[in-house]
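Okay, structure first, notes after.
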Amino acid sequence: LLLDNGSTNTWVCSAAYMRTSTSFHTGQPVGVIYEAGFFLGTEYLDNVTVSPGLTTILQSIGTATQVKGFDIVDCILGISPAALSIHSLQDLLTDPIPTITDTLYGQGTISENIFGIFYKPYASSDLQSTGQITFGGMDSTKYCWKPMK
């Protein structure tokens with residue numbers, strides 16, 4: 001999983017996507033060109049659990065059938081503003097695709113449409129945790145300053 005704060009689309013390689021009873025294939029071609037590569041595939045709407053208690057309902061997910069430039073990545077979780085997703089669905093060229101954060105906020109799971117990211121400095125002796133993302137706010141124990149609103 002690559003947490004991408006520079007794009008909005010969430011996608012997974014089609015071979016890794018496990019269709020369930022909640023999966024809905026929209027049939028929409030989806031694709032994104034990145035500086036480092038691209039993905040092409042089709043869109044599904046599905047429930048996505050990002051952690052216990054945080055599940056989106058009918059989240060847009062690209063199932064990538066063609067990927068270039070992401071050799072060690074099988075999934076991207078896009079968390080940038082949804083406006084960046086305009087033009088990624090072939091038949092909906094003017095509508096943004098809601099991000100995981102947008103969907104969690106829209107369904108009332110989180111109280112604010114924000115997220116906080118903490119990047120832990122890498123130490124060779126600590127290979128367990130390298131950071132965290134907090135949907136709907138920030139973990140104030142990770143910061144010593146107040147964010148601007």
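We name chains A, B, ... following the order of the structure tokens; residues begin at 1 in each chain, and ligands are numbered from 1 as shown.
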
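Residues lying within 8 Å of stretch 64-67 of chain A, counting only C-alpha atoms and ignoring same-chain neighbours fewer than 3 positions away, are Trp11, Val12, Cys13, Ser14, Gly37, Phe38, Phe39, Leu40, Gly41, Thr42 and Phe70 of chain A.
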
Near A:Asp4, counting only C-alpha atoms, which residues have an atom at most 7 Å away, once you skip same-chain residues fewer than 6 positions from it, shown as an MDAnalysis selection string? chainID A and resid 76:79

List every residue of stretch 2-56 of chain A that has an atom at most 12 Å from any atom of stretch 105-108 of chain A, and for each one report the closest atom pair and its distance in Å to one decimal, counting only C-alpha atoms, with rows sorted by chain and then by increasing residue number, as CSV.
residue,atom,partner,partner_atom,distance
A:Gly53,CA,A:Gly108,CA,12.0
A:Leu54,CA,A:Tyr105,CA,10.5
A:Thr55,CA,A:Gln107,CA,9.8
A:Thr56,CA,A:Gln107,CA,7.8

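For the pair atom CA of A:Asn5 and atom CA of A:Ser80, the separation is 5.0 Å.
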
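Minimum distance to A:Val48 across A:Lys120, A:Val73, A:Ile61, A:Phe115 (counting only C-alpha atoms) occurs at A:Ile61.
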
Which parts of chain A does DSSP call strand (DSSP E or B) when run on the backbone here, written out as number ranges by chain? A: 2-4, 11-13, 24-33, 38-51, 54-68, 75-78, 89, 115-119, 123, 126, 131-135

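From atom CA of A:Phe118 back to atom CA of A:Asp139, the distance works out to 8.4 Å.
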
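Taking atom CA of A:Gly62 and atom CA of A:Thr8 as endpoints, the distance between them is 11.1 Å.
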
Residue neighbourhood A:Lys142, 10 Å, only C-alpha atoms, exclusion window fewer than 4 positions, as a ChimeraX atom specification: /A:116-120,131-132,138

Residue with the minimum atom-to-atom distance to A:Ser21, picked from A:Gly6, A:Leu1, A:Leu45, A:Ser60 with only C-alpha atoms counted, is A:Leu45

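Using only C-alpha atoms, the nearest neighbour of A:Ile100 within the list A:Ser23, A:Asn113, A:Thr141, A:Gln28 is A:Asn113.
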
Restricting the calculation to only C-alpha atoms: of A:Met18, A:Cys144, A:Val32, A:Leu3, which residue gets closest to A:Tyr44? A:Met18
